[in-house]
Amino acid sequence: MTVGGAVVVDARDVVRRYPGLGGVAVTALDGVSLTVRLGELVAVMGPSGSGKSTLLHMLGGLDLPTAGTVTVTGTELSGASRAQRSRARRRRIGYVFQDLNLIPSLRAIENVSLPLDLDGVAPREAQSAARDALRAVGVDHLAERFPDALSGGQQQRVAIARALVGPRRLLLADEPTGALDSVTGEDVMTLLRDRVDAGAAGVIVTHDARLAAWADRTLYLEDGRVVTTSAPDEPESLLEGV
Ligand SMILES: Nc1ncnc2c1ncn2[C@@H]1O[C@H](COP(=O)(O)OP(=O)(O)OP(=O)(O)O)[C@@H](O)[C@H]1O
């Protein structure tokens, strides 16, 4: 962990309400604040429905808070237009989704280079960056395969390569090891940890305490609120102003 590294993501008092059935709103996040610095990996845990995915969506600019602010590398996503948020996502934020979201009609390397292609990076440069990202996760030999010709673990690696490609500063992963056995799950965490150590910030949702142990601290959510934050050397301690 880089203590005192630059702030990559700063979420303040984030509230997200969804309109519910019969006019009763669901408060998925109820005043969550979180700061993650360069070199820090934060795990998010909590029961089903506690708001973990909603928090990740807010941090990634995929959705807007009902109240509060989310700032990523100095840009307030919560105040940005849809186009500005898309640009910020392509350039600064890598996202590994629960269901991976690989595009079946694109080869592995094309899936990985897509964010750069969309951002107008020259094709040769985008290909080269995509190959580097595939190499970093150990699947560059599978670059020409389509997703359905890859195993679940290999697809996971391609999805991570896509999240790592280019100079992304924020890595968000929602149960990135969900479909994997525990050994492969540890491999994936090692990859994310290494990338964060090399110059990014990471936030990872997991149900697995062994995987959360790779993080610098763990945020526990319950009913849309942070109930505790623990660091490896401060188990279960209650920290203010996280
Ligand atoms: N689009 C939506 N419309 C209405 N309610 C929603 C929507 N998305 C999430 N919710 C509600 O918000 C709450 C938090 O959901 P969220 O998916 O963030 O939980 P989670 O902690 O990620 O759960 P899980 O571990 O099961 O994935 C839940 O009560 C959920 O039903």
# chains A, B, ... in the order shown; residues from 1 in each chain; ligands from 1
$ residues_around --residues "region 116-118 of chain A" --least-positions-apart "2" --cutoff "12 Å" --atoms "only C-alpha atoms" --output "ChimeraX atom specification"
/A:86-87,89-94,109-114,120-130,162-168
$ residues_around --residues "region 18-29 of chain A" --least-positions-apart "5" --cutoff "10 Å" --atoms "only C-alpha atoms" --output "PDB file with N, CA and C atoms, in the first residue's frame"
ATOM      1  N   ASP A  13     -20.691  10.750   0.972  1.00  0.00           N
ATOM      2  CA  ASP A  13     -22.110  10.715   1.379  1.00  0.00           C
ATOM      3  C   ASP A  13     -23.027  10.263   0.239  1.00  0.00           C
ATOM      4  N   GLY A  49     -27.772  -7.919  -1.328  1.00  0.00           N
ATOM      5  CA  GLY A  49     -28.701  -6.794  -1.271  1.00  0.00           C
ATOM      6  C   GLY A  49     -28.214  -5.633  -0.412  1.00  0.00           C
ATOM      7  N   SER A  50     -26.962  -5.711   0.081  1.00  0.00           N
ATOM      8  CA  SER A  50     -26.497  -4.644   0.980  1.00  0.00           C
ATOM      9  C   SER A  50     -26.009  -3.409   0.225  1.00  0.00           C
ATOM     10  N   GLY A  51     -25.878  -3.511  -1.111  1.00  0.00           N
ATOM     11  CA  GLY A  51     -25.515  -2.323  -1.884  1.00  0.00           C
ATOM     12  C   GLY A  51     -24.142  -2.377  -2.532  1.00  0.00           C
ATOM     13  N   LYS A  52     -23.510  -3.543  -2.523  1.00  0.00           N
ATOM     14  CA  LYS A  52     -22.137  -3.645  -3.021  1.00  0.00           C
ATOM     15  C   LYS A  52     -22.041  -3.309  -4.512  1.00  0.00           C
ATOM     16  N   SER A  53     -22.898  -3.937  -5.321  1.00  0.00           N
ATOM     17  CA  SER A  53     -22.833  -3.669  -6.769  1.00  0.00           C
ATOM     18  C   SER A  53     -23.233  -2.226  -7.059  1.00  0.00           C
ATOM     19  N   THR A  54     -24.215  -1.742  -6.319  1.00  0.00           N
ATOM     20  CA  THR A  54     -24.646  -0.349  -6.523  1.00  0.00           C
ATOM     21  C   THR A  54     -23.480   0.602  -6.251  1.00  0.00           C
ATOM     22  N   LEU A  55     -22.711   0.329  -5.197  1.00  0.00           N
ATOM     23  CA  LEU A  55     -21.563   1.182  -4.891  1.00  0.00           C
ATOM     24  C   LEU A  55     -20.563   1.156  -6.041  1.00  0.00           C
ATOM     25  N   MET A  58     -21.640   3.248  -8.912  1.00  0.00           N
ATOM     26  CA  MET A  58     -21.447   4.687  -8.647  1.00  0.00           C
ATOM     27  C   MET A  58     -19.989   5.079  -8.873  1.00  0.00           C
ATOM     28  N   PRO A  65     -25.475   8.972  -8.382  1.00  0.00           N
ATOM     29  CA  PRO A  65     -26.081   8.965  -7.056  1.00  0.00           C
ATOM     30  C   PRO A  65     -27.307   9.875  -6.983  1.00  0.00           C
ATOM     31  N   THR A  66     -28.230   9.526  -6.114  1.00  0.00           N
ATOM     32  CA  THR A  66     -29.380  10.395  -5.845  1.00  0.00           C
ATOM     33  C   THR A  66     -28.901  11.625  -5.074  1.00  0.00           C
ATOM     34  N   ALA A  67     -27.914  11.425  -4.204  1.00  0.00           N
ATOM     35  CA  ALA A  67     -27.281  12.539  -3.472  1.00  0.00           C
ATOM     36  C   ALA A  67     -25.842  12.149  -3.208  1.00  0.00           C
ATOM     37  N   LEU A 221     -20.603  -3.575   4.154  1.00  0.00           N
ATOM     38  CA  LEU A 221     -21.867  -2.856   3.963  1.00  0.00           C
ATOM     39  C   LEU A 221     -23.016  -3.667   4.551  1.00  0.00           C
ATOM     40  N   GLU A 222     -23.967  -2.956   5.109  1.00  0.00           N
ATOM     41  CA  GLU A 222     -25.220  -3.579   5.543  1.00  0.00           C
ATOM     42  C   GLU A 222     -26.320  -2.566   5.298  1.00  0.00           C
ATOM     43  N   ASP A 223     -27.358  -2.986   4.597  1.00  0.00           N
ATOM     44  CA  ASP A 223     -28.470  -2.080   4.300  1.00  0.00           C
ATOM     45  C   ASP A 223     -27.996  -0.734   3.749  1.00  0.00           C
ATOM     46  N   GLY A 224     -27.001  -0.772   2.875  1.00  0.00           N
ATOM     47  CA  GLY A 224     -26.549   0.445   2.214  1.00  0.00           C
ATOM     48  C   GLY A 224     -25.677   1.353   3.047  1.00  0.00           C
ATOM     49  N   ARG A 225     -25.245   0.887   4.219  1.00  0.00           N
ATOM     50  CA  ARG A 225     -24.354   1.700   5.049  1.00  0.00           C
ATOM     51  C   ARG A 225     -23.065   0.939   5.327  1.00  0.00           C
ATOM     52  N   VAL A 226     -21.975   1.711   5.550  1.00  0.00           N
ATOM     53  CA  VAL A 226     -20.719   1.087   5.959  1.00  0.00           C
ATOM     54  C   VAL A 226     -20.837   0.784   7.447  1.00  0.00           C
TER      55      VAL A 226
END
$ atom_distance --atom1 "CA of Leu64 (chain A)" --atom2 "atom 25 (O, counted along the ligand's line) of ligand 1"
19.7 Å
$ atom_distance --atom1 "CA of Ala133 (chain A)" --atom2 "CA of Arg210 (chain A)"
25.7 Å
$ select_by_dssp --residues "region 82-201 of chain A" --states "strand (DSSP E or B)" --output "list in words"
Ile93, Gly94, Tyr95, Val96, Leu170, Leu171, Leu172, Ala173, Asp174 and Ala201 of chain A
$ write_last_selection --atoms "N, CA and C atoms" --output "short mmCIF file (atom, residue, chain, number, x, y, z; two decimals), in the first residue's frame"
data_model
loop_
_atom_site.label_atom_id
_atom_site.label_comp_id
_atom_site.auth_asym_id
_atom_site.auth_seq_id
_atom_site.Cartn_x
_atom_site.Cartn_y
_atom_site.Cartn_z
N ILE A 93 -11.00 4.13 -16.01
CA ILE A 93 -11.62 3.13 -15.14
C ILE A 93 -11.70 1.78 -15.84
N GLY A 94 -11.17 0.76 -15.21
CA GLY A 94 -11.31 -0.60 -15.73
C GLY A 94 -12.32 -1.33 -14.88
N TYR A 95 -13.25 -2.03 -15.53
CA TYR A 95 -14.36 -2.64 -14.81
C TYR A 95 -14.43 -4.13 -15.16
N VAL A 96 -14.38 -4.99 -14.16
CA VAL A 96 -14.62 -6.42 -14.41
C VAL A 96 -16.01 -6.73 -13.86
N LEU A 170 -8.12 3.35 -12.10
CA LEU A 170 -9.06 2.78 -11.14
C LEU A 170 -9.58 1.44 -11.67
N LEU A 171 -9.41 0.41 -10.87
CA LEU A 171 -9.88 -0.93 -11.24
C LEU A 171 -11.04 -1.30 -10.34
N LEU A 172 -12.16 -1.63 -10.96
CA LEU A 172 -13.34 -2.03 -10.20
C LEU A 172 -13.68 -3.45 -10.60
N ALA A 173 -13.94 -4.32 -9.64
CA ALA A 173 -14.24 -5.70 -9.98
C ALA A 173 -15.36 -6.22 -9.09
N ASP A 174 -16.40 -6.71 -9.75
CA ASP A 174 -17.57 -7.21 -9.02
C ASP A 174 -17.52 -8.73 -9.02
N ALA A 201 -5.58 2.19 -8.29
CA ALA A 201 -6.36 1.95 -7.08
C ALA A 201 -7.40 0.90 -7.44
#
$ atom_distance --atom1 "CA of Met45 (chain A)" --atom2 "CA of Ser151 (chain A)"
27.0 Å
$ closest_residue --among "A:Thr75, A:Thr206, A:Ser48, A:Thr69" --to "ligand 1" --atoms "only C-alpha atoms and all ligand atoms"
A:Ser48
$ closest_residue --among "A:Leu62, A:Val70, A:Ala83, A:Ile103" --to "ligand 1" --atoms "only C-alpha atoms and all ligand atoms"
A:Leu62
$ residues_around --residues "Ala143 (chain A)" --least-positions-apart "4" --cutoff "8 Å" --atoms "only C-alpha atoms" --output "ChimeraX atom specification"
/A:107-109,131,134,139
$ residues_around --residues "Val137 (chain A)" --least-positions-apart "6" --cutoff "7 Å" --atoms "only C-alpha atoms" --output "PyMOL selection string"
chain A and resi 157+161+191
$ write_last_selection --atoms "N, CA and C atoms" --output "PDB file, in the first residue's frame"
ATOM      1  N   ARG A 157      -9.712 -14.021 -17.378  1.00  0.00           N
ATOM      2  CA  ARG A 157      -8.443 -13.333 -17.581  1.00  0.00           C
ATOM      3  C   ARG A 157      -8.546 -12.301 -18.703  1.00  0.00           C
ATOM      4  N   ALA A 161      -7.850  -8.446 -18.454  1.00  0.00           N
ATOM      5  CA  ALA A 161      -6.937  -7.749 -19.367  1.00  0.00           C
ATOM      6  C   ALA A 161      -7.624  -6.500 -19.932  1.00  0.00           C
ATOM      7  N   LEU A 191      -3.214 -11.004  -9.622  1.00  0.00           N
ATOM      8  CA  LEU A 191      -3.112 -10.114 -10.784  1.00  0.00           C
ATOM      9  C   LEU A 191      -3.594  -8.706 -10.441  1.00  0.00           C
TER      10      LEU A 191
END
$ decode --residues "region 199-212 of chain A" --atoms "C-alpha atoms" --output "short mmCIF file (atom, residue, chain, number, x, y, z; two decimals), in the first residue's frame"
data_model
loop_
_atom_site.label_atom_id
_atom_site.label_comp_id
_atom_site.auth_asym_id
_atom_site.auth_seq_id
_atom_site.Cartn_x
_atom_site.Cartn_y
_atom_site.Cartn_z
CA GLY A 199 0.11 2.21 -10.07
CA ALA A 200 -3.64 2.03 -9.71
CA ALA A 201 -6.36 1.95 -7.08
CA GLY A 202 -8.74 -0.99 -6.81
CA VAL A 203 -12.14 -1.75 -5.34
CA ILE A 204 -13.29 -5.36 -5.38
CA VAL A 205 -16.58 -6.86 -4.32
CA THR A 206 -16.20 -10.36 -2.93
CA HIS A 207 -18.02 -12.81 -0.71
CA ASP A 208 -14.80 -14.63 0.06
CA ALA A 209 -12.89 -13.48 3.14
CA ARG A 210 -9.73 -15.27 1.96
CA LEU A 211 -9.72 -13.15 -1.19
CA ALA A 212 -10.52 -9.99 0.78
#
